[in-house]
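**Student:** I have a structure I would like to understand better, so I am pasting it below and will then ask my questions one at a time.
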Amino acid sequence: MKTKLTIISLVAIGLLAVSVPVFAHHGAAVYDTSKKVTVKGTVTEWFWANPHCFLKVDAKTDTGETAHWVIEAAGTASVANQGWSKAMFKPGDEVVVELTPYKNQSPTNPLGRFAGSRIEINGRAFNGGGAADRSAN
């Protein structure tokens, strides 16, 4: 009986130890959630994959330099449920995206996460939770 209790205890501790990093991965600690930034630029890549999709955008800074933004989205299943698709963004598209910035930004390689409230593609506005499928275009 004591051996069975020891095994159950070790399994429970093991499951708890594994579950903490899984939940931590989805935290927002690296993002400055008190800020929203609007990025206007040109799409260089739309990376449709799991565990996260990424939009790469080149945008001009206030000093005229090019900042190469990498903007994180949820995984394919989550964004597809919001109406997004693999063909939603294409290289060369002009976009306006609202995002939550990374806390420790690099001026030329900034990072962010979709804030979900504003996306504009080639002058056509979508809300962050329901952009149209452009695969037919």
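Residue numbering restarts at 1 for every chain of the structure tokens, chains are lettered A, B, ... in their displayed order, and ligands are numbered from 1 as they appear.
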Can you pull out the residues contacting Thr44 in chain A? Cut-off 9 Å, using only C-alpha atoms, and skip same-chain residues under 4 positions away; I want them as a PyMOL selection string.
**Tutor:** chain A and resi 55-58+68+90-93
**Student:** Can you check which parts of range 49-106 of chain A lie within 6 Å of range 110-121 of chain A? Per residue, the shortest pair of atoms and distance in Å to one decimal, counting only C-alpha atoms, sorted by chain and number, as a Markdown table.
**Tutor:**
```
| residue | atom | partner | partner_atom | distance |
| --- | --- | --- | --- | --- |
| A:Trp69 | CA | A:Pro110 | CA | 5.0 |
| A:Val70 | CA | A:Leu111 | CA | 5.0 |
| A:Ile71 | CA | A:Gly112 | CA | 4.8 |
| A:Glu72 | CA | A:Arg113 | CA | 4.5 |
| A:Ala73 | CA | A:Phe114 | CA | 5.8 |
| A:Glu94 | CA | A:Ile121 | CA | 5.8 |
| A:Val95 | CA | A:Ile121 | CA | 4.6 |
| A:Val96 | CA | A:Glu120 | CA | 4.9 |
| A:Val97 | CA | A:Ile119 | CA | 4.7 |
| A:Glu98 | CA | A:Arg118 | CA | 5.4 |
| A:Leu99 | CA | A:Ala115 | CA | 4.3 |
| A:Thr100 | CA | A:Arg113 | CA | 5.2 |
| A:Pro101 | CA | A:Gly112 | CA | 4.2 |
| A:Tyr102 | CA | A:Gly112 | CA | 5.2 |
| A:Gln105 | CA | A:Pro110 | CA | 5.3 |
| A:Ser106 | CA | A:Pro110 | CA | 5.1 |
```
**Student:** Would you return as a PyMOL selection string the members of range 24-128 of chain A that DSSP assigns to strand (DSSP E or B) on this structure's backbone?
**Tutor:** chain A and resi 31+37-47+54-60+66-72+94-102+111-121+124-126
**Student:** Could you pull out the residues in range 32-99 of chain A that DSSP calls helix (DSSP H, G or I) from the backbone, as a VMD selection string?
**Tutor:** chain A and resid 76 to 81
**Student:** From the list A:Ala29, A:Ala67, A:Val37, A:Val79, which residue is nearest Pro51 in chain A when using only C-alpha atoms?
**Tutor:**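 That would be A:Val79, the residue with the smallest distance to Pro51 in chain A.
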**Student:** I'd like the neighbourhood of His52 in chain A as a count of residues only, where a residue qualifies if any of its atoms comes within 9 Å (using only C-alpha atoms), though same-chain residues fewer than 2 positions away should be ignored.
**Tutor:** 10
